[in-house]
Each structure stands twice: as C-alpha cells, then as structure tokens.
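Enquirer: First the structure, then my questions, so here it is.
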Amino acid sequence: MKKLFSLFAAVLFAGSMMAATSMTCAEAAAAALGGSTAEAVVRGYVTSIAEAFSAKNKNVSFWMADTEDGGQVFEAFRAACETAEDVPTVGDLVEVTGTLTKYNSTPEMAKGCTFTVITPADKPVNLGPKTIAEFLEMKNKKDTCVLTGVITSVLKEDYGNLYLAENLDTLYVYGVLTPEGEAKKFNTLGADVTDTMTIKAVYGEHNGQPQAPNAVFVSVLKGPGVELDTITTAEAVAIAKTLEPAAGKSLSTAETYVVGGFVVKVKDATKHTYYMSDDANTTYGDFQAYQCATIDSEVNVGDYVFVRGKIMNYNGGTYSNYEISSGTLVHGVAPEPTELDTVTVEDAAAIALALENNESTTVNYAVRGYVAKIEEEYSEQYGNISIYMTDDATSTYGALQCRHANIDAEAGQALAAHDKVLIVGKLTNNFYNDKNTAQIDRGKLTVEEKAQAIEKILMNDPQIKKVIMDGVVYIVRDGKMFDLQGAQVR
C-alpha cells in the first residue's frame, strides 16, 4: 500500500516537481525561516512523528533531518496520507513536495504536502515487555516496548502527558493514544493517578531528557500500585559506611537501592534535599536524600518516602554524609507504627558508654527522665536546646547529655529543671578532651509533665531532705513527708 501511495503521489505532483527546487533539510529550514514560500522538494530522514495519523483528515506530520539522528530540523506538516499503513517510519529516507513556509519559528512544508519513501528504514519490531529501567537503558528509538508502571501524576488529562513509575524508575510519557491511535482522548481510558497502566512505547528524547512520545494505551489496573522492595535508612547507612573515600571525595555503590524512611527534616525544599530516619519520632536523620527530584506532591516532615539511586559516602574531612544523590523520590505508605520501648537515663548512659569512642547506636532509643539542668538555653534560630537528664526528679546532676535537642518553640522556651521529658535519638559515647560522655545529639525532645511549683520551692529550701522509698522520691521537711506534687503523705 505504501508503494502504491508513493507512486500515486509522484504521478500527481510530477508537474510541480519539475519546477520545484531540490533541497536538504537544513537548506529548506533556512529558506523557510528566511521567509521563502517557494515550491520545493526536500529530501531527508524521518526522525520522529510530530502528529499521529488522522483517519478523519488523512494526514500525518513528521520531523525530518539530513541524518537519521539529526533531530527536529524541518517539519512535514499534515502531509497527505491515505491510511495508517502509509505513515512513514522513523528512519525512512523520504522526499517531501510542497510549499515552504514557517509557523512562528518552525520551518515546515505547508499543509497538503506529499511525500515519497525513497529508502525504507529497517522495519521496527515489538520487543515485548520491558521494565522502565531496561527501556531507559536501551535508548532504542525504533522498536516498540511494552511497559507497565504506576501513574504518579497526570499533567494533561486530555493528551495523557504523565509520569509512569516502576520501582522508582520513572518515565515521562508525552501523550497516550487510544488503541486505535487517537490523540487527546486519554480521559476516556479510565486511567488515573495510582493506577497501574500498560502501554506500548518507543523511546524518544526532548532537550536531552528521555520520554515516550505518543505511547499507545494497552490496559489499566485500578488500585494503589505496587509495593516497593526497600531497605531501611539504618541499612543504607551501614552500606555507606563500607565505602571509604579519601577526604573531600565521595564513593558510590555500583548497585542501585531503594531506601524507605520518614522525612525528619527538610534541608532545602527547592533543591529537593531531605534528611530521613526509620523513626518518625526523631528529628535527626543520618541518611540524606540529596537533590532527589520528586515526581508527585511536595515533601514535608513526617512523610514516608522512597528514594531510589546509588548509595554514596561523601567524606567532608571532619564529617561524612551518607546519602543518595540525584535520585528519585516519591511518597509511600508508612509501615505500621511500633510502640517505642523506653529506657531509664541510667540504662541509656550504660549503653552509650559501652560503645567505642565517638561511636553511635544504629537505632534510636526513647529515654524518659527529668531535666537535671539546662546547659544551653533554647535557640530560636535553630529550634533546639541542650540539657542534662537524670532519673532523679530532684537532682541537678545529669548522667545523659542531650545536645542540641529539637523541641517545640513554646515548650523549649518554658523548659525548666525537674520537668519530666522524653527524648528519642541515637546514643553516642562522646569522647572529648579525654573524657567520655553519654550523649544523644540532635534528638527529639518532648515535655511530658511540668515540675510542680511546690517542688521547685522545696528544691530551693536548704532544710529539706530527700528520701527514696520503694524507688519513689519523697521530700522531708520539718518532720513531714511530701510527694513531688506537694501532697503530704506522712
């Protein structure tokens, strides 16, 4: 059919071809942009289909160049085409006959032009099911692949411009056609965000970025999508620590990982940089998603996310960053919350001091106790405070240092000695100036109970005595015994 149509076109326009100027794509583009409206015959390779075949109007638009991979140099706009079988194939060497023109800044052959296939390209084949990762790796601009993924966002509901994700490999689909090849009918296909969709696609690029232009719809499965095979942030940090770059350098894994965790701090929203933790109760995350583009809504503290990429250890000399850099980050479903096991200050200090110098635990601990003293007042600039904690509600000596603990502004400004608090974070054996200190650095601090006013009075009374009976602290003054709320018990 293609040969018959090409012969028909050649005969029909034989007269005009005699007078038309033969040009390369580059020459035709320059002439059209210069304002020429001459009749011309332009020879070049089909590099992409600009507008799908229209059965109603019997035409198709395609881009041409002087080489097979020359990009979009000159457009054959709505060239006459009888059937879908006659649509040229990317890679075909063609001659287009018609009138030169330009539309805005696009050089083209005017609507109604005709084309003849001089040398057919190798016929494309259907390579069958491929993962999105394989599709992106192959960069095959000729053959069709069958792709399946979760729709994470739809940018144009009529054209079907959307993002498709599979295990955090993401692909921009620039238009989805119906199985019959019709454009601008995506909203009739019943596919939406979180649905799993299958398409037939050919690899393409725009401004150097991969995409699947004019993919053909195959099927859709309604639902929230697929679960991701992930590792925890603690596991990711452990992997990063096996890498040993030189000072000021970085090393990355050869393998790609998907790391799941809670966003505990937004370092730079505009650059998509976040700190992550396995524990939603902490404000300190030791794994970083560094400049990882999001493909859905904005990311906030408390969100559970997946980040995909190669794990990196960046050695800053005096510190190390464990991260995935320039990966892809999407929202996920958080695992079921677990009740935190709490330990006493004494137990926490014992765990910390059993570690090597400056070593930290790999998991967070919840430590419940009392404020012994405030080491550094609440900082409005950084939203943190430094305190010492104790198990003894009346003591001013603390066995656990809580350094730069993150706390709500109002609570931080009102925090006082003897308040009952809970801190969540990683325990560290801090070795400084030949001294070991049990420490939680940048943990999340909450106030559970304010110290009673009478207790504060008693604490400042030099005549009081402290008595511990059955593990409970009492105050004795003038022969009378009080509990820490000020109630007389004896």
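If you're wondering about the labels, chains in the structure tokens are A, B, ... by order shown, residues count from 1 in each chain, ligands from 1 in order shown.
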If we count only C-alpha atoms, what is near Ala50 (chain A) at a cut-off of 10 Å, once residues fewer than 5 positions away on the same chain are taken out, given as a ChimeraX atom specification?
Expert: /A:60-64,72,75-78,213-214
Enquirer: Could you state the separation of CA of Phe115 (chain A) and CA of Glu95 (chain A) in Å, given to one decimal place?
Expert: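 Computing the Euclidean distance for CA of Phe115 (chain A) and CA of Glu95 (chain A) yields 5.5 Å.
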Enquirer: Could you give me, as a compact mmCIF listing (two decimals) with N, CA and C atoms, in the first residue's frame, each residue of region 234-451 of chain A that DSSP assigns to strand (DSSP E or B) when run on this structure's backbone?
Expert:
# COMPACT_ATOMS: atom_id res chain seq x y z
N SER A 250 34.08 11.39 47.28
CA SER A 250 32.90 10.55 47.50
C SER A 250 33.05 9.24 46.75
N LEU A 251 32.39 8.22 47.28
CA LEU A 251 32.32 6.92 46.62
C LEU A 251 30.88 6.47 46.62
N SER A 252 30.47 5.81 45.53
CA SER A 252 29.10 5.33 45.41
C SER A 252 29.09 3.83 45.16
N TYR A 257 19.77 1.14 44.90
CA TYR A 257 18.96 0.75 46.04
C TYR A 257 17.71 1.62 46.13
N VAL A 258 16.69 1.09 46.80
CA VAL A 258 15.51 1.86 47.16
C VAL A 258 15.47 1.91 48.69
N VAL A 259 15.53 3.12 49.25
CA VAL A 259 15.57 3.31 50.69
C VAL A 259 14.26 3.95 51.14
N GLY A 260 13.62 3.33 52.12
CA GLY A 260 12.37 3.87 52.65
C GLY A 260 12.58 4.45 54.03
N GLY A 261 11.90 5.57 54.32
CA GLY A 261 12.03 6.16 55.64
C GLY A 261 11.16 7.40 55.79
N PHE A 262 11.15 7.93 56.99
CA PHE A 262 10.38 9.14 57.29
C PHE A 262 11.24 10.37 57.04
N VAL A 263 10.63 11.42 56.50
CA VAL A 263 11.31 12.71 56.38
C VAL A 263 11.28 13.37 57.75
N VAL A 264 12.45 13.59 58.34
CA VAL A 264 12.51 14.20 59.66
C VAL A 264 13.01 15.65 59.60
N LYS A 265 13.56 16.04 58.46
CA LYS A 265 13.98 17.43 58.29
C LYS A 265 14.04 17.76 56.80
N VAL A 266 13.46 18.89 56.43
CA VAL A 266 13.57 19.39 55.06
C VAL A 266 14.74 20.36 55.04
N LYS A 267 15.84 19.93 54.44
CA LYS A 267 17.04 20.77 54.42
C LYS A 267 16.91 21.88 53.38
N ASP A 268 16.41 21.55 52.20
CA ASP A 268 16.26 22.55 51.13
C ASP A 268 15.17 22.05 50.18
N THR A 273 16.14 18.32 48.92
CA THR A 273 17.10 17.70 49.81
C THR A 273 16.46 17.51 51.19
N TYR A 274 16.47 16.26 51.68
CA TYR A 274 15.76 15.92 52.91
C TYR A 274 16.61 14.96 53.74
N TYR A 275 16.42 15.00 55.07
CA TYR A 275 17.01 14.01 55.96
C TYR A 275 15.94 12.98 56.30
N MET A 276 16.37 11.70 56.35
CA MET A 276 15.44 10.60 56.55
C MET A 276 15.85 9.77 57.76
N SER A 277 14.85 9.11 58.36
CA SER A 277 15.09 8.23 59.50
C SER A 277 14.06 7.11 59.46
N PHE A 287 20.57 9.72 57.27
CA PHE A 287 20.64 9.42 55.84
C PHE A 287 19.96 10.54 55.07
N GLN A 288 20.59 10.96 53.98
CA GLN A 288 20.14 12.15 53.26
C GLN A 288 19.71 11.81 51.83
N ALA A 289 18.55 12.32 51.44
CA ALA A 289 18.16 12.32 50.03
C ALA A 289 18.61 13.67 49.48
N TYR A 290 19.71 13.67 48.72
CA TYR A 290 20.35 14.91 48.30
C TYR A 290 19.99 15.24 46.86
N ALA A 293 14.88 14.58 42.84
CA ALA A 293 13.68 15.19 42.29
C ALA A 293 12.44 14.40 42.68
N THR A 294 11.41 15.10 43.08
CA THR A 294 10.13 14.47 43.40
C THR A 294 9.27 14.42 42.15
N TYR A 304 6.30 9.64 54.73
CA TYR A 304 7.09 8.43 54.48
C TYR A 304 7.39 8.40 52.99
N VAL A 305 8.66 8.22 52.64
CA VAL A 305 9.06 8.33 51.24
C VAL A 305 10.00 7.19 50.86
N PHE A 306 10.11 6.98 49.55
CA PHE A 306 11.10 6.07 48.98
C PHE A 306 12.04 6.90 48.12
N VAL A 307 13.33 6.66 48.24
CA VAL A 307 14.30 7.32 47.39
C VAL A 307 15.13 6.25 46.70
N ARG A 308 15.30 6.39 45.40
CA ARG A 308 15.99 5.37 44.60
C ARG A 308 17.25 5.95 43.99
N GLY A 309 18.35 5.21 44.10
CA GLY A 309 19.61 5.63 43.48
C GLY A 309 20.77 4.85 44.05
N ILE A 311 23.83 4.48 46.61
CA ILE A 311 24.18 4.98 47.93
C ILE A 311 25.60 5.54 47.90
N MET A 312 25.77 6.71 48.53
CA MET A 312 27.05 7.42 48.46
C MET A 312 27.55 7.74 49.87
N ASN A 313 28.87 7.69 50.03
CA ASN A 313 29.54 8.20 51.21
C ASN A 313 30.38 9.38 50.78
N TYR A 314 29.97 10.59 51.21
CA TYR A 314 30.75 11.78 50.91
C TYR A 314 31.59 12.12 52.13
N ASN A 315 32.90 12.13 51.98
CA ASN A 315 33.82 12.40 53.08
C ASN A 315 34.21 13.87 53.06
N SER A 320 31.09 12.85 57.57
CA SER A 320 30.69 12.07 56.40
C SER A 320 29.20 12.23 56.18
N ASN A 321 28.80 12.34 54.94
CA ASN A 321 27.38 12.34 54.58
C ASN A 321 27.05 11.00 53.93
N TYR A 322 26.02 10.36 54.43
CA TYR A 322 25.54 9.11 53.85
C TYR A 322 24.25 9.44 53.11
N GLU A 323 24.21 9.19 51.81
CA GLU A 323 23.12 9.75 51.03
C GLU A 323 22.90 9.00 49.73
N ILE A 324 21.77 9.31 49.12
CA ILE A 324 21.54 9.05 47.70
C ILE A 324 21.46 10.41 47.03
N SER A 325 22.31 10.63 46.05
CA SER A 325 22.40 11.92 45.39
C SER A 325 21.78 11.85 44.00
N THR A 328 15.62 9.59 42.69
CA THR A 328 14.20 9.90 42.51
C THR A 328 13.47 9.60 43.80
N LEU A 329 12.60 10.51 44.22
CA LEU A 329 11.91 10.36 45.50
C LEU A 329 10.40 10.47 45.31
N VAL A 330 9.67 9.50 45.87
CA VAL A 330 8.21 9.52 45.78
C VAL A 330 7.62 9.17 47.14
N HIS A 331 6.36 9.53 47.33
CA HIS A 331 5.68 9.18 48.57
C HIS A 331 5.37 7.69 48.61
N THR A 342 10.98 2.32 76.12
CA THR A 342 11.73 3.38 76.78
C THR A 342 12.72 2.79 77.77
N VAL A 343 13.83 3.50 77.95
CA VAL A 343 14.84 3.10 78.92
C VAL A 343 15.05 4.25 79.89
N SER A 360 28.16 5.58 67.69
CA SER A 360 26.74 5.74 67.99
C SER A 360 25.99 4.45 67.74
N TYR A 365 16.80 5.29 70.53
CA TYR A 365 16.29 4.91 71.85
C TYR A 365 15.38 6.02 72.36
N ALA A 366 14.36 5.62 73.10
CA ALA A 366 13.50 6.58 73.79
C ALA A 366 13.89 6.57 75.26
N VAL A 367 14.33 7.71 75.75
CA VAL A 367 14.81 7.81 77.13
C VAL A 367 13.88 8.74 77.90
N ARG A 368 13.36 8.24 79.00
CA ARG A 368 12.45 9.03 79.82
C ARG A 368 13.14 9.39 81.13
N GLY A 369 13.03 10.65 81.54
CA GLY A 369 13.66 11.08 82.78
C GLY A 369 13.30 12.52 83.08
N TYR A 370 14.16 13.18 83.84
CA TYR A 370 13.90 14.55 84.28
C TYR A 370 15.06 15.45 83.84
N VAL A 371 14.74 16.73 83.67
CA VAL A 371 15.77 17.72 83.35
C VAL A 371 16.58 17.99 84.61
N ALA A 372 17.87 17.68 84.58
CA ALA A 372 18.74 17.99 85.72
C ALA A 372 19.18 19.44 85.66
N LYS A 373 19.63 19.87 84.50
CA LYS A 373 19.98 21.28 84.31
C LYS A 373 19.96 21.60 82.83
N ILE A 374 19.80 22.86 82.54
CA ILE A 374 19.80 23.33 81.16
C ILE A 374 21.20 23.85 80.84
N GLU A 375 21.85 23.20 79.89
CA GLU A 375 23.23 23.57 79.53
C GLU A 375 23.25 24.77 78.60
N GLU A 376 22.39 24.76 77.58
CA GLU A 376 22.28 25.89 76.65
C GLU A 376 20.80 26.21 76.48
N GLU A 377 20.43 27.47 76.64
CA GLU A 377 19.04 27.88 76.53
C GLU A 377 18.50 27.62 75.12
N TYR A 378 17.19 27.64 75.02
CA TYR A 378 16.54 27.39 73.73
C TYR A 378 17.00 28.40 72.68
N SER A 379 17.36 27.90 71.49
CA SER A 379 17.79 28.74 70.38
C SER A 379 16.64 28.89 69.38
N ASN A 384 16.46 24.45 68.96
CA ASN A 384 16.94 23.37 69.82
C ASN A 384 17.42 23.89 71.16
N ILE A 385 17.71 22.95 72.07
CA ILE A 385 18.15 23.26 73.41
C ILE A 385 19.09 22.15 73.87
N SER A 386 20.01 22.45 74.77
CA SER A 386 20.92 21.44 75.30
C SER A 386 20.68 21.30 76.81
N ILE A 387 20.50 20.05 77.25
CA ILE A 387 20.20 19.80 78.66
C ILE A 387 20.98 18.57 79.14
N TYR A 388 20.97 18.36 80.45
CA TYR A 388 21.39 17.11 81.05
C TYR A 388 20.16 16.46 81.67
N MET A 389 20.07 15.11 81.56
CA MET A 389 18.92 14.38 82.09
C MET A 389 19.34 13.47 83.23
N THR A 390 18.36 13.18 84.10
CA THR A 390 18.58 12.33 85.26
C THR A 390 17.32 11.51 85.53
N LEU A 400 23.09 11.90 81.42
CA LEU A 400 22.96 11.87 79.96
C LEU A 400 22.89 13.28 79.42
N GLN A 401 23.81 13.60 78.52
CA GLN A 401 23.80 14.91 77.87
C GLN A 401 22.93 14.84 76.62
N CYS A 402 21.98 15.76 76.51
CA CYS A 402 21.12 15.85 75.32
C CYS A 402 21.52 17.14 74.61
N ARG A 403 22.30 16.99 73.58
CA ARG A 403 22.92 18.15 72.92
C ARG A 403 22.11 18.56 71.71
N HIS A 404 21.76 19.85 71.65
CA HIS A 404 21.02 20.42 70.52
C HIS A 404 19.76 19.61 70.23
N ALA A 405 19.02 19.32 71.29
CA ALA A 405 17.78 18.56 71.15
C ALA A 405 16.72 19.43 70.50
N ASN A 406 16.04 18.89 69.50
CA ASN A 406 14.98 19.63 68.82
C ASN A 406 13.72 19.59 69.67
N LYS A 420 9.59 16.64 83.60
CA LYS A 420 9.67 15.26 83.11
C LYS A 420 9.65 15.28 81.58
N VAL A 421 10.62 14.63 80.94
CA VAL A 421 10.76 14.72 79.49
C VAL A 421 11.02 13.34 78.89
N LEU A 422 10.84 13.28 77.58
CA LEU A 422 11.16 12.09 76.78
C LEU A 422 12.00 12.54 75.60
N ILE A 423 13.12 11.88 75.37
CA ILE A 423 13.95 12.21 74.21
C ILE A 423 14.15 10.95 73.38
N VAL A 424 14.11 11.11 72.05
CA VAL A 424 14.30 10.00 71.12
C VAL A 424 15.48 10.33 70.22
N GLY A 425 16.44 9.42 70.15
CA GLY A 425 17.60 9.63 69.29
C GLY A 425 18.61 8.51 69.45
N LEU A 427 22.08 6.93 70.73
CA LEU A 427 23.01 7.10 71.83
C LEU A 427 24.44 7.12 71.30
N THR A 428 25.26 8.00 71.87
CA THR A 428 26.65 8.15 71.43
C THR A 428 27.57 8.20 72.65
N ASN A 429 28.73 7.56 72.49
CA ASN A 429 29.77 7.70 73.50
C ASN A 429 30.69 8.83 73.03
N ASN A 430 30.38 10.04 73.47
CA ASN A 430 31.12 11.21 73.01
C ASN A 430 32.44 11.33 73.78
N PHE A 431 33.54 11.25 73.04
CA PHE A 431 34.87 11.34 73.65
C PHE A 431 35.48 12.68 73.26
N TYR A 432 35.65 13.56 74.28
CA TYR A 432 36.16 14.91 74.00
C TYR A 432 37.00 15.35 75.20
N LYS A 435 37.64 12.80 77.87
CA LYS A 435 36.51 12.49 78.74
C LYS A 435 35.39 11.86 77.93
N ASN A 436 34.79 10.80 78.45
CA ASN A 436 33.66 10.14 77.80
C ASN A 436 32.35 10.63 78.40
N THR A 437 31.42 10.99 77.52
CA THR A 437 30.10 11.46 77.96
C THR A 437 29.02 10.72 77.22
N ALA A 438 28.06 10.19 77.98
CA ALA A 438 26.88 9.56 77.35
C ALA A 438 26.02 10.68 76.77
N GLN A 439 25.68 10.53 75.49
CA GLN A 439 25.06 11.67 74.81
C GLN A 439 24.02 11.21 73.79
N ILE A 440 22.99 12.04 73.62
CA ILE A 440 22.12 11.98 72.45
C ILE A 440 22.25 13.32 71.74
N ASP A 441 22.68 13.29 70.51
CA ASP A 441 22.89 14.52 69.74
C ASP A 441 21.73 14.73 68.78
N LYS A 444 14.89 14.22 69.46
CA LYS A 444 13.60 14.90 69.53
C LYS A 444 13.13 14.88 70.97
N LEU A 445 12.94 16.06 71.55
CA LEU A 445 12.63 16.21 72.96
C LEU A 445 11.20 16.69 73.13
N THR A 446 10.46 16.02 74.00
CA THR A 446 9.09 16.44 74.33
C THR A 446 8.93 16.50 75.84
N VAL A 447 8.10 17.42 76.31
CA VAL A 447 7.83 17.58 77.74
C VAL A 447 6.59 16.77 78.08
N GLU A 448 6.72 15.87 79.03
CA GLU A 448 5.58 15.04 79.44
C GLU A 448 4.87 15.60 80.67
N GLU A 449 5.61 16.28 81.52
CA GLU A 449 4.99 16.79 82.75
C GLU A 449 5.85 17.92 83.29
Enquirer: Which of region 99-304 of chain A end up as alpha helix (DSSP H) when DSSP is run on this backbone - answer as a PDB file with N, CA and C atoms, in the first residue's frame?
Expert:
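Here's the written file selection_13.pdb:
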ATOM      1  N   ILE A 132      10.866  -0.375  32.924  1.00  0.00           N
ATOM      2  CA  ILE A 132      11.191   1.017  32.582  1.00  0.00           C
ATOM      3  C   ILE A 132      12.700   1.237  32.634  1.00  0.00           C
ATOM      4  N   ALA A 133      13.363   0.570  33.578  1.00  0.00           N
ATOM      5  CA  ALA A 133      14.826   0.687  33.661  1.00  0.00           C
ATOM      6  C   ALA A 133      15.481   0.168  32.385  1.00  0.00           C
ATOM      7  N   GLU A 134      15.008  -0.973  31.870  1.00  0.00           N
ATOM      8  CA  GLU A 134      15.560  -1.527  30.629  1.00  0.00           C
ATOM      9  C   GLU A 134      15.277  -0.598  29.453  1.00  0.00           C
ATOM     10  N   PHE A 135      14.072  -0.048  29.410  1.00  0.00           N
ATOM     11  CA  PHE A 135      13.664   0.873  28.349  1.00  0.00           C
ATOM     12  C   PHE A 135      14.591   2.088  28.317  1.00  0.00           C
ATOM     13  N   LEU A 136      14.871   2.658  29.488  1.00  0.00           N
ATOM     14  CA  LEU A 136      15.737   3.837  29.567  1.00  0.00           C
ATOM     15  C   LEU A 136      17.181   3.499  29.224  1.00  0.00           C
ATOM     16  N   GLU A 137      17.603   2.292  29.575  1.00  0.00           N
ATOM     17  CA  GLU A 137      18.974   1.872  29.306  1.00  0.00           C
ATOM     18  C   GLU A 137      19.190   1.597  27.818  1.00  0.00           C
ATOM     19  N   MET A 138      18.202   0.990  27.152  1.00  0.00           N
ATOM     20  CA  MET A 138      18.343   0.613  25.748  1.00  0.00           C
ATOM     21  C   MET A 138      18.395   1.823  24.813  1.00  0.00           C
ATOM     22  N   THR A 233      16.739   3.019  56.410  1.00  0.00           N
ATOM     23  CA  THR A 233      17.806   4.023  56.407  1.00  0.00           C
ATOM     24  C   THR A 233      19.017   3.518  57.196  1.00  0.00           C
ATOM     25  N   ALA A 234      18.766   2.738  58.258  1.00  0.00           N
ATOM     26  CA  ALA A 234      19.892   2.181  59.022  1.00  0.00           C
ATOM     27  C   ALA A 234      20.716   1.233  58.156  1.00  0.00           C
ATOM     28  N   GLU A 235      20.028   0.417  57.349  1.00  0.00           N
ATOM     29  CA  GLU A 235      20.743  -0.484  56.441  1.00  0.00           C
ATOM     30  C   GLU A 235      21.505   0.306  55.382  1.00  0.00           C
ATOM     31  N   ALA A 236      20.903   1.405  54.921  1.00  0.00           N
ATOM     32  CA  ALA A 236      21.566   2.242  53.920  1.00  0.00           C
ATOM     33  C   ALA A 236      22.826   2.887  54.492  1.00  0.00           C
ATOM     34  N   VAL A 237      22.747   3.358  55.743  1.00  0.00           N
ATOM     35  CA  VAL A 237      23.918   3.961  56.396  1.00  0.00           C
ATOM     36  C   VAL A 237      25.017   2.916  56.555  1.00  0.00           C
ATOM     37  N   ALA A 238      24.619   1.702  56.941  1.00  0.00           N
ATOM     38  CA  ALA A 238      25.611   0.636  57.107  1.00  0.00           C
ATOM     39  C   ALA A 238      26.327   0.335  55.796  1.00  0.00           C
ATOM     40  N   ILE A 239      25.573   0.355  54.689  1.00  0.00           N
ATOM     41  CA  ILE A 239      26.180   0.142  53.366  1.00  0.00           C
ATOM     42  C   ILE A 239      27.129   1.293  53.036  1.00  0.00           C
ATOM     43  N   ALA A 240      26.687   2.524  53.326  1.00  0.00           N
ATOM     44  CA  ALA A 240      27.519   3.698  53.017  1.00  0.00           C
ATOM     45  C   ALA A 240      28.830   3.657  53.793  1.00  0.00           C
ATOM     46  N   LYS A 241      28.784   3.164  55.026  1.00  0.00           N
ATOM     47  CA  LYS A 241      29.985   3.130  55.852  1.00  0.00           C
ATOM     48  C   LYS A 241      31.019   2.128  55.356  1.00  0.00           C
TER      49      LYS A 241
END
Enquirer: Closest to Gly149 (chain A) among A:Gln209, A:Thr170, A:Gln291, A:Thr106, using only C-alpha atoms?
Expert: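 Selected residue with least distance to Gly149 (chain A): A:Thr170.
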Enquirer: What's the 8 Å shell around region 151-156 of chain A, counting only C-alpha atoms, without same-chain residues fewer than 2 positions away, as a ChimeraX atom specification?
Expert: /A:149,158-165,192-197,295-296
Enquirer: Using only C-alpha atoms, determine which residues lie at most 6 Å from Thr37 (chain A), disregarding the query and same-chain residues fewer than 6 positions distant; provide the list as a VMD selection string.
Expert: chain A and resid 99 to 101
Enquirer: Hey, what's within 10 Å of Ile199 (chain A) if we count only C-alpha atoms and toss same-chain stuff fewer than 5 positions away? As a list in words, please?
Expert: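 Selected residues are Pro129, Thr144, Cys145, Val146, Leu147, Thr148, Gly149, Val173, Val176, Leu177, Thr178, Pro179, Ala212, Asn214, Ala215, Val216, Phe217, Val218, Ser219 and Val220 of chain A.
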Enquirer: Keeping only N, CA and C atoms, write the selected residues to a file as a tab-separated table (two decimals), in the first residue's frame.
Expert:
chain	number	residue	atom	x	y	z
A	129	PRO	N	7.46	-7.09	26.56
A	129	PRO	CA	7.53	-6.46	27.88
A	129	PRO	C	8.97	-6.13	28.28
A	144	THR	N	9.37	-0.99	19.38
A	144	THR	CA	8.34	-0.81	20.40
A	144	THR	C	8.61	-1.71	21.61
A	145	CYS	N	8.37	-1.17	22.80
A	145	CYS	CA	8.45	-1.95	24.04
A	145	CYS	C	7.11	-1.86	24.76
A	146	VAL	N	6.78	-2.88	25.50
A	146	VAL	CA	5.57	-2.88	26.32
A	146	VAL	C	5.99	-2.60	27.75
A	147	LEU	N	5.47	-1.49	28.31
A	147	LEU	CA	5.87	-1.03	29.64
A	147	LEU	C	4.67	-1.02	30.59
A	148	THR	N	4.93	-1.34	31.84
A	148	THR	CA	3.89	-1.30	32.87
A	148	THR	C	4.42	-0.53	34.07
A	149	GLY	N	3.63	0.38	34.59
A	149	GLY	CA	4.04	1.15	35.75
A	149	GLY	C	2.87	1.83	36.42
A	173	VAL	N	5.80	10.24	29.96
A	173	VAL	CA	5.05	9.80	28.78
A	173	VAL	C	4.41	11.03	28.17
A	176	VAL	N	-0.67	9.87	25.46
A	176	VAL	CA	-1.11	8.48	25.36
A	176	VAL	C	-2.24	8.42	24.33
A	177	LEU	N	-2.05	7.59	23.30
A	177	LEU	CA	-3.05	7.42	22.26
A	177	LEU	C	-3.98	6.26	22.63
A	178	THR	N	-5.17	6.27	22.09
A	178	THR	CA	-6.07	5.13	22.26
A	178	THR	C	-5.52	3.95	21.46
A	179	PRO	N	-6.00	2.74	21.70
A	179	PRO	CA	-5.54	1.59	20.90
A	179	PRO	C	-5.73	1.80	19.40
A	212	ALA	N	8.60	9.02	26.40
A	212	ALA	CA	7.91	8.11	25.49
A	212	ALA	C	6.82	8.91	24.79
A	214	ASN	N	3.77	9.82	22.35
A	214	ASN	CA	2.64	9.16	21.68
A	214	ASN	C	2.62	7.65	21.94
A	215	ALA	N	2.69	7.29	23.21
A	215	ALA	CA	2.56	5.88	23.59
A	215	ALA	C	1.13	5.41	23.31
A	216	VAL	N	0.98	4.12	23.11
A	216	VAL	CA	-0.35	3.56	22.81
A	216	VAL	C	-0.86	2.80	24.03
A	217	PHE	N	-2.06	3.13	24.46
A	217	PHE	CA	-2.68	2.51	25.63
A	217	PHE	C	-2.97	1.04	25.37
A	218	VAL	N	-2.67	0.19	26.37
A	218	VAL	CA	-2.97	-1.24	26.29
A	218	VAL	C	-4.01	-1.63	27.32
A	219	SER	N	-3.74	-1.35	28.61
A	219	SER	CA	-4.68	-1.74	29.66
A	219	SER	C	-4.40	-0.94	30.93
A	220	VAL	N	-5.32	-1.01	31.90
A	220	VAL	CA	-5.15	-0.34	33.18
A	220	VAL	C	-5.69	-1.23	34.28
